[in-house]
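This is entry29.cif (mmCIF, C-alpha atoms).
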```
data_protein
#
loop_
_atom_site.label_atom_id
_atom_site.label_comp_id
_atom_site.auth_asym_id
_atom_site.auth_seq_id
_atom_site.Cartn_x
_atom_site.Cartn_y
_atom_site.Cartn_z
CA MET A 1 -97.77 -57.41 -26.48
CA MET A 2 -98.99 -61.03 -26.45
CA TYR A 3 -101.76 -62.31 -28.72
CA SER A 4 -103.39 -65.66 -28.08
CA VAL A 5 -104.94 -66.01 -31.50
CA GLN A 6 -107.90 -68.36 -31.75
CA PRO A 7 -110.75 -68.24 -34.30
CA GLN A 8 -112.21 -64.77 -33.86
CA PRO A 9 -115.88 -63.75 -33.74
CA GLN A 10 -117.10 -62.07 -36.93
CA SER A 11 -117.55 -58.82 -35.01
CA PHE A 12 -113.74 -58.50 -34.54
CA ARG A 13 -112.39 -55.76 -36.77
CA PRO A 14 -108.86 -54.53 -35.99
CA PRO A 15 -108.30 -50.85 -36.71
CA THR A 16 -106.97 -49.97 -40.16
CA PRO A 17 -104.16 -47.42 -39.82
CA HIS A 18 -103.67 -46.75 -43.53
CA VAL A 19 -105.81 -44.06 -45.13
CA GLY A 20 -105.40 -43.11 -48.79
CA PRO A 21 -104.07 -44.98 -51.82
CA ASP A 22 -103.67 -48.73 -51.69
CA PRO A 23 -100.17 -49.43 -50.31
CA SER A 24 -99.77 -52.18 -52.91
CA SER A 25 -99.24 -49.46 -55.49
CA ALA A 26 -95.90 -48.73 -53.80
CA LYS A 27 -94.77 -52.33 -53.75
CA ALA A 28 -91.51 -51.43 -55.46
CA SER A 29 -90.43 -49.77 -52.21
CA ALA A 30 -92.37 -52.11 -49.87
CA GLU A 31 -90.84 -53.59 -46.72
CA LYS A 32 -89.16 -56.99 -46.98
CA ILE A 33 -90.39 -59.83 -44.80
CA LEU A 34 -88.55 -63.13 -44.22
CA ILE A 35 -90.99 -65.96 -43.36
CA VAL A 36 -89.23 -68.85 -41.56
CA ASP A 37 -91.09 -72.13 -40.97
CA ASP A 38 -90.30 -75.78 -41.66
CA SER A 39 -93.89 -76.21 -42.94
CA ALA A 40 -94.22 -75.25 -46.59
CA VAL A 41 -97.99 -74.89 -46.13
CA VAL A 42 -97.55 -72.30 -43.37
CA ARG A 43 -94.89 -70.41 -45.33
CA ARG A 44 -96.98 -70.24 -48.50
CA GLY A 45 -100.08 -69.29 -46.50
CA PHE A 46 -98.32 -66.37 -44.78
CA SER A 47 -96.62 -65.33 -48.01
CA LYS A 48 -99.85 -65.37 -49.98
CA LEU A 49 -101.61 -63.34 -47.30
CA LEU A 50 -98.87 -60.68 -47.04
CA SER A 51 -97.35 -60.51 -50.53
CA GLY A 52 -100.00 -58.08 -51.74
CA ARG A 53 -98.39 -55.31 -49.69
CA TYR A 54 -94.92 -56.61 -48.83
CA LYS A 55 -91.99 -58.35 -50.47
CA CYS A 56 -92.03 -61.81 -48.94
CA VAL A 57 -89.14 -64.31 -48.96
CA GLU A 58 -89.58 -67.87 -47.64
CA SER A 59 -87.05 -69.90 -45.65
CA ASP A 60 -87.43 -73.47 -44.39
CA SER A 61 -84.95 -73.32 -41.46
CA ALA A 62 -83.32 -70.96 -39.00
CA ILE A 63 -79.87 -71.75 -40.43
CA ASP A 64 -80.99 -70.80 -43.94
CA ALA A 65 -82.64 -67.66 -42.55
CA ILE A 66 -79.39 -66.57 -40.85
CA SER A 67 -77.56 -67.02 -44.13
CA ARG A 68 -80.16 -64.93 -45.99
CA LEU A 69 -80.02 -62.21 -43.33
CA ARG A 70 -76.25 -61.93 -43.78
CA GLU A 71 -76.71 -61.36 -47.52
CA THR A 72 -79.82 -59.17 -47.58
CA PRO A 73 -81.36 -56.79 -45.05
CA PHE A 74 -84.97 -57.50 -44.05
CA ASP A 75 -87.42 -55.27 -42.24
CA LEU A 76 -89.23 -58.11 -40.49
CA VAL A 77 -88.72 -61.79 -39.68
CA ILE A 78 -91.72 -64.04 -38.93
CA THR A 79 -90.42 -67.28 -37.43
CA ASP A 80 -91.79 -70.50 -36.02
CA ILE A 81 -90.25 -71.74 -32.77
CA LEU A 82 -90.04 -75.51 -33.13
CA MET A 83 -87.97 -76.33 -36.23
CA PRO A 84 -85.34 -79.00 -37.00
CA GLY A 85 -81.79 -77.91 -36.19
CA LEU A 86 -81.76 -74.38 -34.86
CA SER A 87 -84.92 -73.22 -33.07
CA GLY A 88 -86.81 -70.00 -33.69
CA ILE A 89 -85.68 -68.73 -30.26
CA GLU A 90 -82.02 -69.14 -31.31
CA LEU A 91 -82.84 -67.36 -34.56
CA LEU A 92 -84.41 -64.55 -32.54
CA ARG A 93 -81.22 -64.22 -30.46
CA LYS A 94 -79.08 -64.06 -33.62
CA VAL A 95 -81.28 -61.40 -35.23
CA VAL A 96 -81.35 -59.25 -32.09
CA GLU A 97 -77.56 -59.53 -31.81
CA ASN A 98 -76.57 -59.05 -35.45
CA GLN A 99 -79.50 -57.22 -37.11
CA PRO A 100 -80.94 -55.07 -34.30
CA GLU A 101 -82.99 -52.96 -36.73
CA THR A 102 -84.86 -56.04 -38.01
CA ALA A 103 -88.08 -56.73 -36.10
CA VAL A 104 -89.08 -60.31 -35.23
CA ILE A 105 -92.55 -61.81 -34.76
CA VAL A 106 -92.51 -65.26 -33.16
CA VAL A 107 -95.27 -67.72 -34.16
CA SER A 108 -95.95 -71.00 -32.33
CA GLY A 109 -98.54 -73.70 -32.30
CA ILE A 110 -98.17 -74.07 -28.54
CA ASP A 111 -100.08 -71.63 -26.35
CA ARG A 112 -97.78 -71.22 -23.36
CA PRO A 113 -97.69 -67.79 -21.68
CA GLN A 114 -94.17 -68.37 -20.35
CA ARG A 115 -92.83 -69.08 -23.83
CA ALA A 116 -94.44 -65.88 -25.09
CA LEU A 117 -92.92 -63.88 -22.21
CA ASP A 118 -89.47 -65.39 -22.87
CA ALA A 119 -89.67 -64.44 -26.54
CA ILE A 120 -90.72 -60.85 -25.73
CA ARG A 121 -87.92 -60.55 -23.18
CA LEU A 122 -85.39 -61.72 -25.73
CA GLY A 123 -86.48 -58.94 -28.10
CA ALA A 124 -89.42 -60.24 -30.11
CA ALA A 125 -91.78 -57.52 -31.28
CA ASP A 126 -94.82 -59.79 -30.85
CA TYR A 127 -95.93 -63.37 -30.29
CA LEU A 128 -98.76 -65.12 -32.20
CA ILE A 129 -100.41 -68.50 -31.76
CA LYS A 130 -101.13 -70.73 -34.77
CA PRO A 131 -103.52 -70.97 -36.46
CA CYS A 132 -103.42 -67.19 -36.94
CA ASP A 133 -106.44 -65.15 -37.87
CA PRO A 134 -105.54 -63.45 -41.21
CA GLU A 135 -106.72 -60.03 -40.10
CA VAL A 136 -104.83 -60.27 -36.81
CA LEU A 137 -101.69 -61.39 -38.64
CA GLN A 138 -101.95 -58.49 -41.11
CA PHE A 139 -102.63 -56.00 -38.34
CA THR A 140 -99.72 -57.32 -36.21
CA VAL A 141 -97.32 -57.15 -39.16
CA GLU A 142 -98.46 -53.64 -40.07
CA ARG A 143 -98.21 -52.39 -36.50
CA THR A 144 -94.78 -54.02 -35.98
CA LEU A 145 -93.38 -52.47 -39.16
CA GLU A 146 -94.78 -49.07 -38.23
CA ARG A 147 -93.23 -49.31 -34.78
CA SER A 148 -89.95 -50.47 -36.30
CA ALA A 149 -90.01 -47.51 -38.71
CA LEU A 150 -90.63 -45.15 -35.80
CA LEU A 151 -87.70 -46.65 -33.90
CA LYS A 152 -85.46 -46.30 -36.96
CA ASN A 153 -86.51 -42.68 -37.34
CA ALA A 154 -85.90 -42.10 -33.64
CA ARG A 155 -82.41 -43.60 -33.95
CA LYS A 156 -81.76 -41.46 -37.01
CA TYR A 157 -82.96 -38.33 -35.20
CA LYS A 158 -80.78 -39.31 -32.24
CA GLN A 159 -77.76 -39.71 -34.51
CA ASP A 160 -78.54 -36.37 -36.18
CA LEU A 161 -78.90 -34.74 -32.78
CA GLU A 162 -75.60 -36.23 -31.61
CA ALA A 163 -73.93 -35.03 -34.81
CA ARG A 164 -75.35 -31.55 -34.27
CA ASN A 165 -74.21 -31.61 -30.64
CA ASP A 166 -70.73 -32.66 -31.77
CA GLU A 167 -70.72 -29.80 -34.28
CA LEU A 168 -71.86 -27.37 -31.60
CA LEU A 169 -69.11 -28.65 -29.32
CA ARG A 170 -66.56 -28.11 -32.08
CA LYS A 171 -67.90 -24.61 -32.67
CA LYS A 172 -67.74 -23.93 -28.94
CA GLU A 173 -64.13 -25.09 -28.82
CA GLN A 174 -63.32 -22.92 -31.84
CA LEU A 175 -64.93 -19.92 -30.19
CA GLU A 176 -63.02 -20.60 -26.97
CA ARG A 177 -59.80 -20.83 -28.96
CA LEU A 178 -60.55 -17.62 -30.84
CA GLN A 179 -61.47 -15.85 -27.61
CA ALA A 180 -58.28 -17.06 -25.97
CA GLN A 181 -56.26 -15.94 -28.98
CA ILE A 182 -57.88 -12.51 -28.95
CA ILE A 183 -57.24 -12.05 -25.22
CA HIS A 184 -53.68 -13.30 -25.50
CA SER A 185 -53.00 -11.29 -28.65
CA GLU A 186 -54.29 -8.14 -26.97
CA LYS A 187 -51.93 -8.79 -24.08
CA MET A 188 -49.07 -9.47 -26.46
CA ALA A 189 -49.88 -6.31 -28.40
CA SER A 190 -49.77 -4.34 -25.15
CA LEU A 191 -46.48 -5.99 -24.18
CA GLY A 192 -45.14 -5.33 -27.66
CA GLN A 193 -46.07 -1.67 -27.42
CA LEU A 194 -44.50 -1.52 -23.96
CA ALA A 195 -41.33 -3.22 -25.23
CA ALA A 196 -41.15 -0.91 -28.22
CA GLY A 197 -41.71 2.10 -25.97
CA ILE A 198 -39.00 0.98 -23.55
CA ALA A 199 -36.65 0.29 -26.44
CA HIS A 200 -37.32 3.74 -27.88
CA GLU A 201 -36.82 5.46 -24.53
CA LEU A 202 -33.60 3.55 -23.82
CA ASN A 203 -32.19 3.89 -27.29
CA ASN A 204 -30.99 7.49 -26.98
CA PRO A 205 -29.52 7.30 -23.43
CA VAL A 206 -27.79 4.04 -24.26
CA GLY A 207 -26.43 5.67 -27.39
CA TYR A 208 -25.06 8.53 -25.32
CA VAL A 209 -23.43 6.17 -22.82
CA HIS A 210 -21.95 3.92 -25.49
CA GLY A 211 -20.77 6.86 -27.57
CA ASN A 212 -19.08 8.56 -24.58
CA MET A 213 -17.31 5.41 -23.39
CA GLU A 214 -14.57 5.82 -25.98
CA ILE A 215 -14.12 9.50 -24.97
CA LEU A 216 -14.04 8.50 -21.30
CA GLU A 217 -11.44 5.83 -22.04
CA ASN A 218 -9.22 8.36 -23.86
CA CYS A 219 -9.63 10.92 -21.05
CA ALA A 220 -8.81 8.32 -18.42
CA ALA A 221 -5.71 7.34 -20.35
CA GLY A 222 -4.61 11.00 -20.43
CA ILE A 223 -5.22 11.46 -16.72
CA LEU A 224 -3.27 8.31 -15.90
CA LYS A 225 -0.43 9.57 -18.06
CA LEU A 226 -0.45 12.87 -16.17
CA LEU A 227 -0.48 11.11 -12.80
CA LYS A 228 2.41 8.92 -13.83
CA TYR A 229 4.32 12.07 -14.82
CA TYR A 230 3.76 13.56 -11.32
CA ASP A 231 4.88 10.31 -9.72
CA ASP A 232 7.99 10.19 -11.83
CA ALA A 233 8.80 13.89 -11.11
CA GLY A 234 9.58 13.01 -7.49
CA ILE A 235 7.56 15.66 -5.66
CA THR A 236 8.68 16.19 -2.06
CA GLY A 237 7.67 18.08 0.98
CA PRO A 238 4.11 18.84 2.17
CA VAL A 239 2.69 18.37 -1.33
CA ALA A 240 4.10 14.85 -1.49
CA GLU A 241 2.72 14.05 1.97
CA GLY A 242 -0.74 15.35 0.99
CA ALA A 243 -0.69 13.34 -2.23
CA ALA A 244 0.35 10.19 -0.35
CA LYS A 245 -2.57 10.64 2.08
CA ILE A 246 -5.08 11.02 -0.77
CA LYS A 247 -3.62 8.00 -2.54
CA ALA A 248 -4.13 5.91 0.57
CA GLU A 249 -7.71 7.09 0.98
CA ILE A 250 -8.76 6.32 -2.62
CA GLY A 251 -6.74 3.14 -3.08
CA TYR A 252 -4.63 4.80 -5.72
CA ASP A 253 -2.64 1.76 -6.83
CA TYR A 254 -5.81 -0.37 -7.21
CA THR A 255 -7.64 2.41 -9.03
CA VAL A 256 -4.80 3.02 -11.48
CA SER A 257 -4.29 -0.67 -12.21
CA ASP A 258 -8.03 -1.45 -12.65
CA LEU A 259 -9.32 1.75 -14.22
CA SER A 260 -8.88 0.50 -17.78
CA SER A 261 -10.65 -2.79 -17.10
CA ILE A 262 -13.47 -0.96 -15.26
CA ILE A 263 -14.02 1.32 -18.25
CA SER A 264 -13.84 -1.73 -20.56
CA ASP A 265 -16.51 -3.51 -18.48
CA CYS A 266 -18.71 -0.42 -18.66
CA ARG A 267 -18.30 -0.30 -22.42
CA ASP A 268 -19.20 -4.02 -22.69
CA GLY A 269 -22.25 -3.45 -20.49
CA ALA A 270 -23.38 -0.50 -22.61
CA GLU A 271 -22.99 -2.63 -25.73
CA ARG A 272 -25.04 -5.40 -24.09
CA VAL A 273 -27.83 -2.94 -23.22
CA ARG A 274 -27.70 -1.58 -26.77
CA ASP A 275 -28.02 -5.14 -28.14
CA ILE A 276 -30.98 -5.86 -25.84
CA VAL A 277 -32.71 -2.69 -27.02
CA GLN A 278 -32.12 -3.71 -30.63
CA ASN A 279 -33.43 -7.23 -29.95
CA LEU A 280 -36.53 -5.78 -28.31
CA ARG A 281 -37.15 -3.66 -31.38
CA THR A 282 -36.56 -6.63 -33.67
CA PHE A 283 -38.81 -8.89 -31.60
CA SER A 284 -41.73 -6.46 -31.28
CA ARG A 285 -41.50 -5.13 -34.84
CA LEU A 286 -44.25 -2.65 -34.14
CA ASP A 287 -42.58 -0.34 -36.62
CA GLU A 288 -43.15 -3.03 -39.27
CA ALA A 289 -46.86 -3.76 -38.95
CA GLU A 290 -47.36 -4.53 -42.62
CA PHE A 291 -47.25 -7.98 -44.11
CA LYS A 292 -43.76 -7.95 -45.62
CA MET A 293 -40.76 -10.03 -46.62
CA THR A 294 -39.24 -11.44 -43.43
CA ASP A 295 -35.90 -13.05 -42.62
CA ILE A 296 -36.77 -16.20 -40.65
CA HIS A 297 -33.23 -16.69 -39.29
CA GLU A 298 -33.00 -13.09 -38.08
CA GLY A 299 -36.26 -13.51 -36.16
CA ILE A 300 -35.13 -16.79 -34.58
CA ASP A 301 -31.72 -15.37 -33.63
CA SER A 302 -33.19 -12.24 -32.04
CA THR A 303 -35.65 -14.38 -30.10
CA ILE A 304 -32.84 -16.66 -28.87
CA ARG A 305 -30.88 -13.63 -27.67
CA LEU A 306 -33.89 -12.42 -25.70
CA LEU A 307 -34.23 -15.90 -24.18
CA SER A 308 -30.54 -16.12 -23.26
CA ARG A 309 -31.39 -16.84 -19.62
CA TYR A 310 -32.68 -20.25 -20.73
CA PHE A 311 -29.59 -21.14 -22.75
CA SER A 312 -26.66 -19.30 -21.16
CA GLY A 313 -26.29 -21.40 -18.02
CA GLY A 314 -24.39 -24.21 -19.73
CA LYS A 315 -26.94 -26.92 -18.89
CA ILE A 316 -28.73 -26.69 -22.23
CA ARG A 317 -26.82 -27.09 -25.46
CA LEU A 318 -28.39 -25.00 -28.22
CA LEU A 319 -27.76 -26.06 -31.82
CA ARG A 320 -28.65 -24.10 -34.93
CA GLU A 321 -28.65 -26.05 -38.18
CA TYR A 322 -29.80 -23.48 -40.70
CA GLY A 323 -30.39 -24.21 -44.35
CA GLU A 324 -30.49 -21.66 -47.14
CA LEU A 325 -33.83 -19.90 -46.80
CA PRO A 326 -35.38 -17.11 -48.84
CA SER A 327 -37.33 -14.37 -47.13
CA VAL A 328 -41.02 -15.14 -46.61
CA GLU A 329 -44.02 -12.84 -46.52
CA ALA A 330 -45.19 -12.62 -42.92
CA TYR A 331 -45.85 -10.53 -39.85
CA SER A 332 -42.44 -10.70 -38.15
CA ALA A 333 -43.63 -10.02 -34.61
CA GLN A 334 -46.22 -12.80 -34.78
CA LEU A 335 -43.67 -15.35 -36.04
CA ASN A 336 -41.20 -14.25 -33.36
CA GLN A 337 -43.92 -14.99 -30.82
CA VAL A 338 -44.17 -18.54 -32.23
CA TRP A 339 -40.37 -19.05 -32.04
CA ALA A 340 -40.40 -17.81 -28.45
CA ASN A 341 -43.19 -20.22 -27.43
CA LEU A 342 -41.48 -23.22 -29.08
CA LEU A 343 -38.02 -22.40 -27.68
CA ILE A 344 -39.29 -21.80 -24.14
CA ASN A 345 -41.23 -25.09 -24.18
CA ALA A 346 -38.15 -26.94 -25.47
CA ALA A 347 -35.90 -25.36 -22.83
CA GLN A 348 -38.35 -26.17 -20.04
CA ALA A 349 -38.64 -29.77 -21.26
CA VAL A 350 -34.90 -30.35 -20.74
CA SER A 351 -34.09 -27.79 -18.03
CA GLU A 352 -34.21 -30.09 -14.99
CA ASN A 353 -31.38 -32.40 -16.02
CA GLY A 354 -29.93 -30.43 -18.92
CA GLY A 355 -30.00 -31.54 -22.50
CA GLU A 356 -30.08 -30.34 -26.08
CA VAL A 357 -32.33 -28.04 -28.08
CA CYS A 358 -31.90 -27.86 -31.83
CA VAL A 359 -33.40 -25.47 -34.39
CA ARG A 360 -33.30 -26.76 -37.98
CA THR A 361 -34.45 -24.96 -41.11
CA LYS A 362 -34.71 -26.07 -44.71
CA MET A 363 -36.52 -25.51 -47.98
CA ASP A 364 -39.30 -27.86 -49.07
CA GLY A 365 -40.66 -26.95 -52.49
CA ASP A 366 -42.48 -23.62 -52.22
CA SER A 367 -42.32 -23.65 -48.41
CA VAL A 368 -39.80 -23.21 -45.63
CA VAL A 369 -39.66 -25.70 -42.75
CA ILE A 370 -38.59 -24.79 -39.23
CA ALA A 371 -38.20 -27.61 -36.68
CA VAL A 372 -37.54 -27.07 -32.96
CA SER A 373 -36.43 -30.30 -31.26
CA ASP A 374 -35.43 -31.27 -27.75
CA ASN A 375 -34.33 -34.45 -26.02
CA GLY A 376 -36.41 -33.75 -22.93
CA ILE A 377 -39.26 -35.53 -21.19
CA GLY A 378 -41.52 -35.81 -24.26
CA ILE A 379 -45.31 -35.76 -24.40
CA SER A 380 -47.53 -38.68 -23.44
CA PRO A 381 -49.79 -40.11 -26.21
CA GLU A 382 -52.98 -39.13 -24.36
CA ASN A 383 -51.83 -35.49 -24.26
CA LEU A 384 -50.46 -35.33 -27.79
CA SER A 385 -53.87 -34.87 -29.44
CA ARG A 386 -54.72 -31.99 -27.06
CA ILE A 387 -51.41 -30.17 -27.15
CA PHE A 388 -52.76 -27.29 -29.28
CA ASP A 389 -56.02 -26.92 -27.33
CA PRO A 390 -56.46 -23.58 -25.56
CA PHE A 391 -55.76 -23.65 -21.80
CA PHE A 392 -54.34 -27.20 -21.99
CA THR A 393 -51.06 -27.51 -20.09
CA THR A 394 -49.11 -30.24 -18.32
CA LYS A 395 -47.18 -27.70 -16.25
CA ALA A 396 -47.84 -27.05 -12.58
CA VAL A 397 -50.45 -24.48 -11.62
CA GLY A 398 -48.98 -21.02 -12.07
CA ASP A 399 -46.21 -22.18 -14.42
CA GLY A 400 -48.18 -21.88 -17.64
CA THR A 401 -51.45 -20.60 -19.09
CA GLY A 402 -51.87 -23.32 -21.72
CA LEU A 403 -52.19 -20.65 -24.41
CA GLY A 404 -48.71 -20.55 -25.98
CA LEU A 405 -49.10 -23.46 -28.39
CA SER A 406 -52.73 -22.64 -29.12
CA ILE A 407 -51.76 -19.09 -30.06
CA SER A 408 -48.84 -20.40 -32.13
CA PHE A 409 -51.21 -22.74 -33.96
CA GLY A 410 -53.50 -19.83 -34.82
CA ILE A 411 -50.63 -17.60 -35.98
CA ILE A 412 -49.19 -20.26 -38.29
CA GLU A 413 -52.65 -21.10 -39.61
CA ARG A 414 -53.29 -17.43 -40.41
CA HIS A 415 -50.01 -17.38 -42.33
CA GLY A 416 -51.27 -20.24 -44.51
CA GLY A 417 -48.92 -22.70 -42.84
CA LYS A 418 -49.05 -25.79 -40.67
CA ILE A 419 -47.62 -26.75 -37.30
CA SER A 420 -47.32 -30.34 -36.09
CA VAL A 421 -45.67 -32.26 -33.27
CA GLU A 422 -43.98 -35.62 -32.91
CA SER A 423 -42.97 -36.91 -29.51
CA VAL A 424 -41.65 -40.00 -27.76
CA PRO A 425 -42.10 -39.99 -23.96
CA GLY A 426 -38.70 -39.86 -22.32
CA ALA A 427 -36.89 -39.15 -25.61
CA GLY A 428 -38.07 -35.66 -26.57
CA SER A 429 -40.31 -33.76 -28.96
CA THR A 430 -40.11 -32.02 -32.33
CA PHE A 431 -42.41 -29.18 -33.35
CA THR A 432 -42.38 -28.58 -37.10
CA VAL A 433 -43.62 -25.37 -38.73
CA THR A 434 -44.20 -25.19 -42.48
CA LEU A 435 -44.73 -21.76 -44.04
CA PRO A 436 -45.40 -20.86 -47.69
CA ILE A 437 -42.82 -18.50 -49.17
CA ASN A 438 -45.41 -16.40 -50.96
CA PHE A 439 -48.67 -16.02 -49.06
CA ARG A 440 -51.05 -13.11 -48.95
CA PRO A 441 -53.80 -13.04 -46.33
CA GLY A 442 -57.26 -12.97 -47.88
CA ASN A 443 -58.40 -10.41 -45.33
CA ALA A 444 -55.96 -8.24 -43.48
CA SER A 445 -58.37 -7.82 -40.59
CA ASP A 446 -58.31 -11.58 -40.07
CA SER A 447 -54.57 -11.95 -40.20
CA GLY A 448 -53.00 -8.73 -39.01
CA PRO A 449 -51.33 -8.02 -35.73
CA SER A 450 -54.51 -6.63 -34.24
CA ASP A 451 -55.81 -10.20 -34.00
#
```
Please express what this file holds, its structure, as structure tokens.
Amino acid sequence: MMYSVQPQPQSFRPPTPHVGPDPSSAKASAEKILIVDDSAVVRRGFSKLLSGRYKCVESDSAIDAISRLRETPFDLVITDILMPGLSGIELLRKVVENQPETAVIVVSGIDRPQRALDAIRLGAADYLIKPCDPEVLQFTVERTLERSALLKNARKYKQDLEARNDELLRKKEQLERLQAQIIHSEKMASLGQLAAGIAHELNNPVGYVHGNMEILENCAAGILKLLKYYDDAGITGPVAEGAAKIKAEIGYDYTVSDLSSIISDCRDGAERVRDIVQNLRTFSRLDEAEFKMTDIHEGIDSTIRLLSRYFSGGKIRLLREYGELPSVEAYSAQLNQVWANLLINAAQAVSENGGEVCVRTKMDGDSVVIAVSDNGIGISPENLSRIFDPFFTTKAVGDGTGLGLSISFGIIERHGGKISVESVPGAGSTFTVTLPINFRPGNASDSGPSD
């Protein structure tokens, strides 16, 4: 607002906003005003008029005022325009640029509307014409400081609101992560129950097959011995002709020569099915739901065997560099889920052109460290900070849910551990899991498999 201040009629009485105790009683916490004018008379006049309610500091040039503003914060600057050296307009620009919370009132002895408009456009709170009526000056200062205080409060409330919004956003992301973990964990629990059920149902039949293979092999050997005896006996006549016909029909020579290898292949297949059943039981661990001492290497090895399709083709070289590790207290099935997620990601990172995946373990004080590395495509810096976010994935649509690493993060966190990642695009990635050897969950309902 522009004031063209000339001598005022006696009837002019600006409104008095303050009601209550004299503000001068709170001078210790009063606003600070910097009065800038090359005229000592003007400076002292303004200072004398305002010092009863405010802390006033005088400055004789814009350059000196800029220096003072760098050293001490002021609530208000009252500046003349025409001064030697730097003008009041340049001072106004500097204050607006460097001390945006400091209000500026421009005072000039020249009554030019355009100059007043220019000052307001540059950021001045008000514009006064000298000589200033004392009451108008006091009222303008008071109103400017009140408006400045309101703006500061508004900025503070805005910052508080933004902080609260950020906190709400973080809470929302946490809830989304927890919800995703619950959904995924429920699915994994169902799959684990299914795997355990299949393993249980297959265990007995596979045991029968594997156990009878040795008997079958011995029987087959006896039958072959008997057949050889008949061949060597030199049977003739119609019996020999009938035997020759049957031999031709069944491919006798091929059957006799390959029967042992066929039985051996069956025995190897039965042993493979038995191993798969055992790995399923080890991986699901639904018969070991309690928080108990766990062999980390056993869990990793059983997981690798279940993921053999990723590593058995010859394109991916799998290295295991195991250190001496003690058993750790953990939920085995949950940790096996983490190893599966990390190994699958590593295999997929190098699968196109082949490469190397390495699992390293070691002791570190009271913790064990498990690192899964690959020399695959790596992770770009912009994705690295989001890699553990739920539903975040760089895979093609349908190739991944974006939950594996988020779930792994939650599992390791619930075990009192940490999981981190280092990656160089084009050179590969390393996921490192650190687990305490002795950790007891504070609340089983928060850490158990049902989560």
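Here CA of Asp126 (chain A) is placed at a distance of 23.3 Å from CA of Lys156 (chain A).
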- Query: So what do you get for CA of Thr255 (chain A) versus CA of Arg274 (chain A), distance-wise?
  - Reply: 27.1 Å
- Task: Any chance you could resolve the PyMOL selection byres ((chain A and resi 439) around 9) against this file and give the residues as a VMD selection string?
- Result: chain A and resid 328 to 330 415 to 416 435 to 438 440 to 441
Write the selection just made, keeping C-alpha atoms, as a JSON list (two decimals), in the frame of the given file?
```json
[["chain", "number", "residue", "atom", "x", "y", "z"],
["A", 328, "VAL", "CA", -41.02, -15.14, -46.61],
["A", 329, "GLU", "CA", -44.02, -12.84, -46.52],
["A", 330, "ALA", "CA", -45.19, -12.62, -42.92],
["A", 415, "HIS", "CA", -50.01, -17.38, -42.33],
["A", 416, "GLY", "CA", -51.27, -20.24, -44.51],
["A", 435, "LEU", "CA", -44.73, -21.76, -44.04],
["A", 436, "PRO", "CA", -45.40, -20.86, -47.69],
["A", 437, "ILE", "CA", -42.82, -18.50, -49.17],
["A", 438, "ASN", "CA", -45.41, -16.40, -50.96],
["A", 440, "ARG", "CA", -51.05, -13.11, -48.95],
["A", 441, "PRO", "CA", -53.80, -13.04, -46.33]]
```
- Query: Using all atoms listed in the file, which residue out of A:Arg170, A:Lys158, A:Lys55, A:Arg121 lies closest to Asp389 (chain A)?
  - Reply: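 Distance minimum relative to Asp389 (chain A) lands on A:Arg170.
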- Task: Identify, on the basis of all atoms listed in the file, every residue whose closest approach to Leu50 (chain A) does not exceed 10 Å; exclude the query and any residue fewer than 2 positions from it along the same chain; express the result as a VMD selection string.
- Result: chain A and resid 33 44 to 48 52 to 56 134 137 to 138 141 to 142
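Residue membership of the PyMOL selection byres ((chain A and resi 257-266) around 9) in the shown file amounts to His210, Met213, Glu214, Leu216, Glu217, Ala220, Ala221, Tyr252, Asp253, Tyr254, Thr255, Val256, Arg267, Asp268, Gly269, Ala270 and Glu271 of chain A.
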Take the residues from that selection and write them out as a CSV table (one decimal), keeping the file's coordinate frame, keeping C-alpha atoms.
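That gives us again_11.csv:
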```csv
chain,number,residue,atom,x,y,z
A,210,HIS,CA,-22.0,3.9,-25.5
A,213,MET,CA,-17.3,5.4,-23.4
A,214,GLU,CA,-14.6,5.8,-26.0
A,216,LEU,CA,-14.0,8.5,-21.3
A,217,GLU,CA,-11.4,5.8,-22.0
A,220,ALA,CA,-8.8,8.3,-18.4
A,221,ALA,CA,-5.7,7.3,-20.4
A,252,TYR,CA,-4.6,4.8,-5.7
A,253,ASP,CA,-2.6,1.8,-6.8
A,254,TYR,CA,-5.8,-0.4,-7.2
A,255,THR,CA,-7.6,2.4,-9.0
A,256,VAL,CA,-4.8,3.0,-11.5
A,267,ARG,CA,-18.3,-0.3,-22.4
A,268,ASP,CA,-19.2,-4.0,-22.7
A,269,GLY,CA,-22.2,-3.4,-20.5
A,270,ALA,CA,-23.4,-0.5,-22.6
A,271,GLU,CA,-23.0,-2.6,-25.7
```
- Message: Report, in Å to a single decimal, how far apart CA of Gly85 (chain A) and CA of Thr140 (chain A) are.
- Response: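 These two atoms are separated by 27.3 Å.
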Enclose the full set of atoms of region 311-322 of chain A listed in the file within a box whose edges lie along x, y and z, apply 4 Å of padding to each of the six sides, and report centre and edge lengths in Å to one decimal as AutoDock Vina command-line options.
```
--center_x -27.1 --center_y -23.2 --center_z -29.4 --size_x 13.4 --size_y 15.8 --size_z 30.7
```
